[in-house]
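A.B. asks: Below is a structure I'd like to ask you about.
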Amino acid sequence: MTPHADADPQAGAAVKAADRAHVFHSWSAQGLIDPLAVAGAEGSYFWDYDGNRYLDFTSGLVYTNIGYQHPKVVAAIQEQAGRLTTFAPAFAVEARSEAARLIAERTPGDLDKIFFTNGGAEAVENAIRMARLHTGRPKVLSAYRSYHGGTATAINVTGDPRRWANDNGTAGVVHFWGPFLYRSPFYASTEAEECARALQHLEDTIAFEGPSTIAAIILETIPGTAGIMIPPPGYLAGVREICDRHGIVFVLDEVMAGFGRTGTWFAADHFDVVPDLLTFAKGVNSGYVPLGGVAISAEIAATFETRPYPGGLTYSGHPLACAAAVATIQVMEDEKVIEHAAHIGETVLGPGLRDLAERHPSVGEVRGTGVFWALDLVRDRETREPLVPYNATGSAAAPMGAFAAACKANGLWPFVNMNRTHAVPPCNVSEAEAKEGLAALDVALSVADERVA
């Protein structure tokens, strides 16, 4: 592990003590966690108060798309703070208008109106509200392998187990199976079969739920936390056609996949598909100041031309957040971050991860694009039994815990979820940094190999 010069264990102990006394952490049993006290971060790295430096292969929560502390974005936030720190959302403010313009220029199709939120969950909340009001219908369909946020509606459209404790059963949400050939629920053997059978399953679900009751279908363009499963060719276009046929609003969630993560501005660009609503957050300003939003089609925007939209947020389009977005988008253009992400995926991460898979029996599948990759870890390659059971906790999750500990011991902070590790560094990660991460994964996967049947 590469040490960092700024070591102050006493200060770190004070930070951790205050955290343990007063901070209530998300998704956690408070007495069972031991948060690392972070002293600083820059680029693709962060470090603790003991001087340990980590290569961040999580990009925070997959949002520091231009790394930590980019000087041009920091300067833009400082400049905006000196000029106009905040202002109410009902007014036209330069940073807000410019951020909306730059985002609308990059979204697919006619998604030219931008409703700003504070993050991705609120973006999903408002997209679904817009769809319901636009159609006058109550139901929303979403995939089981998905994550859309932690607020009331967003957690109900989420498919993963974090929904269970929050699901009151009255949210008007119906889940269905999306395509995932490696663990196909449709007994498919080819991508073409998986696509056709997944679309038929969706058609059947719609038929039995009643097309006239369904306001929206929401999908992550490429599911993120659920496993980075790239949809087979034709699937998203097929969903688009189904939505058009039944008058259903098609919502693509690009909160994690957007703004360079997949090697294009938006993952939808890979599939030549235009949704009616597109949600974003995270990478829009690298998470430097909370910001999210909904990009809205002309048809849905017209619904609220003379009819008030019954939704809003005190900090919608906050000037500091929007200034950070303007600067981030400019950095991505000037430094060719989108092109770099595609290049790193094609020449370093993709080949490197596939090489690891050849040498480590614990790797069942490698999938991804750009700087958005997953390793599906297994106990048995033939049966594809996951290294740990679905939603494993305690001792059942120990093999993934041992893998994560090995990563950290070698200076890599990993993204671990269920039986997967995701390689999701900043979009501007250097070739040397990417190779450093691959080397640390190589060592840690040897620990996972010990649990292979």
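Each chain of the structure tokens is named A, B, ... in the order shown, its residues numbered from 1; ligands are numbered from 1 in display order.
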Please list as a PDB file with N, CA, C and O atoms, in the first residue's frame every residue within 7 Å of stretch 215-230 of chain A, counting only C-alpha atoms and excluding residues in the same chain fewer than 6 positions away.
C.D. replies:
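The file below, selection11.pdb, is the result:
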ATOM      1  N   ALA A 131     -44.988  11.111 -15.280  1.00  0.00           N
ATOM      2  CA  ALA A 131     -45.595  10.075 -16.127  1.00  0.00           C
ATOM      3  C   ALA A 131     -47.035   9.800 -15.715  1.00  0.00           C
ATOM      4  O   ALA A 131     -47.925   9.652 -16.564  1.00  0.00           O
ATOM      5  N   ARG A 132     -47.277   9.724 -14.425  1.00  0.00           N
ATOM      6  CA  ARG A 132     -48.637   9.463 -13.946  1.00  0.00           C
ATOM      7  C   ARG A 132     -49.580  10.608 -14.291  1.00  0.00           C
ATOM      8  O   ARG A 132     -50.726  10.395 -14.698  1.00  0.00           O
ATOM      9  N   THR A 135     -50.226  10.669 -18.192  1.00  0.00           N
ATOM     10  CA  THR A 135     -51.075   9.593 -18.719  1.00  0.00           C
ATOM     11  C   THR A 135     -52.397   9.454 -17.977  1.00  0.00           C
ATOM     12  O   THR A 135     -53.342   8.864 -18.516  1.00  0.00           O
ATOM     13  N   ARG A 137     -52.669   7.518 -15.466  1.00  0.00           N
ATOM     14  CA  ARG A 137     -52.669   6.111 -15.078  1.00  0.00           C
ATOM     15  C   ARG A 137     -51.857   5.915 -13.797  1.00  0.00           C
ATOM     16  O   ARG A 137     -50.942   6.677 -13.514  1.00  0.00           O
ATOM     17  N   PRO A 138     -52.141   4.856 -13.019  1.00  0.00           N
ATOM     18  CA  PRO A 138     -51.481   4.719 -11.715  1.00  0.00           C
ATOM     19  C   PRO A 138     -50.227   3.859 -11.664  1.00  0.00           C
ATOM     20  O   PRO A 138     -49.350   4.084 -10.829  1.00  0.00           O
ATOM     21  N   LYS A 139     -50.120   2.822 -12.512  1.00  0.00           N
ATOM     22  CA  LYS A 139     -49.094   1.801 -12.296  1.00  0.00           C
ATOM     23  C   LYS A 139     -47.755   2.138 -12.958  1.00  0.00           C
ATOM     24  O   LYS A 139     -47.700   2.829 -13.982  1.00  0.00           O
ATOM     25  N   VAL A 140     -46.706   1.588 -12.365  1.00  0.00           N
ATOM     26  CA  VAL A 140     -45.349   1.702 -12.917  1.00  0.00           C
ATOM     27  C   VAL A 140     -44.734   0.317 -12.928  1.00  0.00           C
ATOM     28  O   VAL A 140     -44.845  -0.430 -11.943  1.00  0.00           O
ATOM     29  N   LEU A 141     -44.074  -0.034 -14.022  1.00  0.00           N
ATOM     30  CA  LEU A 141     -43.369  -1.310 -14.132  1.00  0.00           C
ATOM     31  C   LEU A 141     -41.867  -1.070 -14.046  1.00  0.00           C
ATOM     32  O   LEU A 141     -41.353  -0.130 -14.661  1.00  0.00           O
ATOM     33  N   SER A 142     -41.195  -1.934 -13.303  1.00  0.00           N
ATOM     34  CA  SER A 142     -39.736  -1.839 -13.197  1.00  0.00           C
ATOM     35  C   SER A 142     -39.157  -3.227 -13.024  1.00  0.00           C
ATOM     36  O   SER A 142     -39.865  -4.178 -12.675  1.00  0.00           O
ATOM     37  N   ALA A 143     -37.860  -3.345 -13.242  1.00  0.00           N
ATOM     38  CA  ALA A 143     -37.197  -4.649 -13.232  1.00  0.00           C
ATOM     39  C   ALA A 143     -36.804  -5.057 -11.819  1.00  0.00           C
ATOM     40  O   ALA A 143     -36.502  -4.219 -10.967  1.00  0.00           O
ATOM     41  N   ARG A 145     -34.016  -6.710 -11.026  1.00  0.00           N
ATOM     42  CA  ARG A 145     -32.599  -6.378 -10.854  1.00  0.00           C
ATOM     43  C   ARG A 145     -32.417  -4.889 -11.159  1.00  0.00           C
ATOM     44  O   ARG A 145     -32.112  -4.503 -12.284  1.00  0.00           O
ATOM     45  N   SER A 146     -32.615  -4.085 -10.125  1.00  0.00           N
ATOM     46  CA  SER A 146     -32.552  -2.638 -10.338  1.00  0.00           C
ATOM     47  C   SER A 146     -32.349  -1.925  -9.015  1.00  0.00           C
ATOM     48  O   SER A 146     -32.623  -2.479  -7.940  1.00  0.00           O
ATOM     49  N   TYR A 147     -31.877  -0.700  -9.114  1.00  0.00           N
ATOM     50  CA  TYR A 147     -31.876   0.210  -7.965  1.00  0.00           C
ATOM     51  C   TYR A 147     -32.175   1.606  -8.490  1.00  0.00           C
ATOM     52  O   TYR A 147     -31.502   2.094  -9.404  1.00  0.00           O
ATOM     53  N   PHE A 180     -30.900 -10.931 -18.744  1.00  0.00           N
ATOM     54  CA  PHE A 180     -29.599 -11.162 -18.103  1.00  0.00           C
ATOM     55  C   PHE A 180     -29.184 -12.578 -18.450  1.00  0.00           C
ATOM     56  O   PHE A 180     -29.491 -13.524 -17.743  1.00  0.00           O
ATOM     57  N   ILE A 248     -47.540   4.124 -23.081  1.00  0.00           N
ATOM     58  CA  ILE A 248     -46.832   4.080 -21.803  1.00  0.00           C
ATOM     59  C   ILE A 248     -45.587   4.967 -21.891  1.00  0.00           C
ATOM     60  O   ILE A 248     -44.873   4.951 -22.898  1.00  0.00           O
ATOM     61  N   VAL A 249     -45.318   5.723 -20.852  1.00  0.00           N
ATOM     62  CA  VAL A 249     -44.132   6.576 -20.812  1.00  0.00           C
ATOM     63  C   VAL A 249     -42.908   5.706 -20.540  1.00  0.00           C
ATOM     64  O   VAL A 249     -42.897   4.892 -19.611  1.00  0.00           O
ATOM     65  N   PHE A 250     -41.877   5.879 -21.347  1.00  0.00           N
ATOM     66  CA  PHE A 250     -40.629   5.127 -21.195  1.00  0.00           C
ATOM     67  C   PHE A 250     -39.617   6.007 -20.467  1.00  0.00           C
ATOM     68  O   PHE A 250     -39.240   7.073 -20.967  1.00  0.00           O
ATOM     69  N   VAL A 251     -39.199   5.561 -19.273  1.00  0.00           N
ATOM     70  CA  VAL A 251     -38.246   6.303 -18.455  1.00  0.00           C
ATOM     71  C   VAL A 251     -36.930   5.533 -18.405  1.00  0.00           C
ATOM     72  O   VAL A 251     -36.927   4.345 -18.047  1.00  0.00           O
ATOM     73  N   LEU A 252     -35.847   6.182 -18.761  1.00  0.00           N
ATOM     74  CA  LEU A 252     -34.526   5.595 -18.586  1.00  0.00           C
ATOM     75  C   LEU A 252     -33.831   6.282 -17.417  1.00  0.00           C
ATOM     76  O   LEU A 252     -33.743   7.511 -17.366  1.00  0.00           O
ATOM     77  N   ASP A 253     -33.341   5.460 -16.486  1.00  0.00           N
ATOM     78  CA  ASP A 253     -32.600   5.936 -15.323  1.00  0.00           C
ATOM     79  C   ASP A 253     -31.115   5.903 -15.670  1.00  0.00           C
ATOM     80  O   ASP A 253     -30.515   4.841 -15.787  1.00  0.00           O
ATOM     81  N   GLU A 254     -30.536   7.094 -15.837  1.00  0.00           N
ATOM     82  CA  GLU A 254     -29.116   7.221 -16.168  1.00  0.00           C
ATOM     83  C   GLU A 254     -28.341   7.849 -15.007  1.00  0.00           C
ATOM     84  O   GLU A 254     -27.278   8.429 -15.201  1.00  0.00           O
ATOM     85  N   MET A 256     -26.605   6.513 -12.664  1.00  0.00           N
ATOM     86  CA  MET A 256     -25.262   5.943 -12.525  1.00  0.00           C
ATOM     87  C   MET A 256     -24.548   5.822 -13.863  1.00  0.00           C
ATOM     88  O   MET A 256     -23.331   6.034 -13.949  1.00  0.00           O
ATOM     89  N   ALA A 257     -25.261   5.515 -14.915  1.00  0.00           N
ATOM     90  CA  ALA A 257     -24.633   5.218 -16.205  1.00  0.00           C
ATOM     91  C   ALA A 257     -24.325   6.462 -17.031  1.00  0.00           C
ATOM     92  O   ALA A 257     -23.585   6.380 -18.009  1.00  0.00           O
ATOM     93  N   ALA A 267     -25.689   6.297 -21.545  1.00  0.00           N
ATOM     94  CA  ALA A 267     -25.682   4.908 -21.994  1.00  0.00           C
ATOM     95  C   ALA A 267     -26.679   4.677 -23.123  1.00  0.00           C
ATOM     96  O   ALA A 267     -26.470   3.804 -23.972  1.00  0.00           O
ATOM     97  N   ALA A 268     -27.752   5.468 -23.161  1.00  0.00           N
ATOM     98  CA  ALA A 268     -28.739   5.331 -24.230  1.00  0.00           C
ATOM     99  C   ALA A 268     -28.114   5.519 -25.604  1.00  0.00           C
ATOM    100  O   ALA A 268     -28.618   4.987 -26.598  1.00  0.00           O
ATOM    101  N   ARG A 367     -18.329  -8.417 -17.363  1.00  0.00           N
ATOM    102  CA  ARG A 367     -19.214  -7.664 -18.253  1.00  0.00           C
ATOM    103  C   ARG A 367     -19.058  -6.172 -17.982  1.00  0.00           C
ATOM    104  O   ARG A 367     -18.805  -5.752 -16.853  1.00  0.00           O
ATOM    105  N   GLY A 368     -19.220  -5.384 -19.042  1.00  0.00           N
ATOM    106  CA  GLY A 368     -19.140  -3.946 -18.857  1.00  0.00           C
ATOM    107  C   GLY A 368     -18.732  -3.219 -20.110  1.00  0.00           C
ATOM    108  O   GLY A 368     -18.569  -3.799 -21.196  1.00  0.00           O
ATOM    109  N   TRP A 373     -17.739  -1.773 -15.031  1.00  0.00           N
ATOM    110  CA  TRP A 373     -17.488  -3.197 -15.188  1.00  0.00           C
ATOM    111  C   TRP A 373     -17.871  -3.964 -13.928  1.00  0.00           C
ATOM    112  O   TRP A 373     -17.818  -3.430 -12.821  1.00  0.00           O
ATOM    113  N   ALA A 374     -18.226  -5.228 -14.108  1.00  0.00           N
ATOM    114  CA  ALA A 374     -18.548  -6.111 -12.987  1.00  0.00           C
ATOM    115  C   ALA A 374     -17.879  -7.459 -13.184  1.00  0.00           C
ATOM    116  O   ALA A 374     -17.785  -7.961 -14.309  1.00  0.00           O
TER     117      ALA A 374
END
A.B. asks: Excluding A:Asp19 and residues on its chain fewer than 3 positions from it, collect all residues at most 12 Å away from it, counting only C-alpha atoms, and give them as a PyMOL selection string.
C.D. replies: chain A and resi 12-16+22-25+30-31+33-38
A.B. asks: Where does DSSP see strand (DSSP E) in stretch 215-284 of chain A, if you list the residues as a count of residues only?
C.D. replies: 15
A.B. asks: Have a look at atom CA of A:Arg162 and atom CA of A:Asn391 and let me know their distance in Å, one decimal.
C.D. replies: 9.5 Å
A.B. asks: Please provide the set of residues having any atom within 7 Å of stretch 232-237 of chain A, restricted to only C-alpha atoms, with same-chain residues fewer than 5 positions apart removed, written as a list of chain:residue names.
C.D. replies: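 Within the cut-off, the hits are A:Glu191, A:Cys195, A:Leu199, A:Val273.
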A.B. asks: Write the residues you've just listed into a file as an mmCIF file, in the first residue's frame, and include N, CA and C atoms for each of them.
C.D. replies:
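Final output, saved to again-v3.cif:
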data_model
loop_
_atom_site.group_PDB
_atom_site.id
_atom_site.type_symbol
_atom_site.label_atom_id
_atom_site.label_comp_id
_atom_site.auth_asym_id
_atom_site.auth_seq_id
_atom_site.Cartn_x
_atom_site.Cartn_y
_atom_site.Cartn_z
ATOM 1 N N GLU A 191 -28.053 -14.436 -26.809
ATOM 2 C CA GLU A 191 -28.562 -13.089 -26.549
ATOM 3 C C GLU A 191 -29.865 -12.841 -27.305
ATOM 4 N N CYS A 195 -33.264 -11.768 -25.472
ATOM 5 C CA CYS A 195 -33.971 -10.540 -25.843
ATOM 6 C C CYS A 195 -35.429 -10.842 -26.184
ATOM 7 N N LEU A 199 -38.654 -9.683 -23.842
ATOM 8 C CA LEU A 199 -39.682 -8.792 -24.384
ATOM 9 C C LEU A 199 -41.061 -9.445 -24.325
ATOM 10 N N VAL A 273 -31.658 4.705 -28.724
ATOM 11 C CA VAL A 273 -33.021 4.753 -28.219
ATOM 12 C C VAL A 273 -33.221 6.055 -27.465
#
A.B. asks: So which residues touch A:Lys336 within 10 Å, counting only C-alpha atoms, skipping near sequence neighbours fewer than 5 positions away, as a PyMOL selection string?
C.D. replies: chain A and resi 260+330-331+341+428
A.B. asks: Would you compute the distance between atom CA of A:Gly350 and atom CA of A:Ala434? Give it in Å to one decimal.
C.D. replies: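 These two atoms are separated by 10.6 Å.
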A.B. asks: Neighbouring residues of A:Gly370 were defined as those with any atom within 6 Å, considering only C-alpha atoms; residues of the same chain fewer than 6 positions away were excluded. Please report them as number ranges by chain.
C.D. replies: A: 262-263, 341-342, 345
A.B. asks: Please compute the atom CA of A:Val73-atom CA of A:Met332 distance, one decimal, in Å.
C.D. replies: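 Going from atom CA of A:Val73 over to atom CA of A:Met332 covers 10.9 Å.
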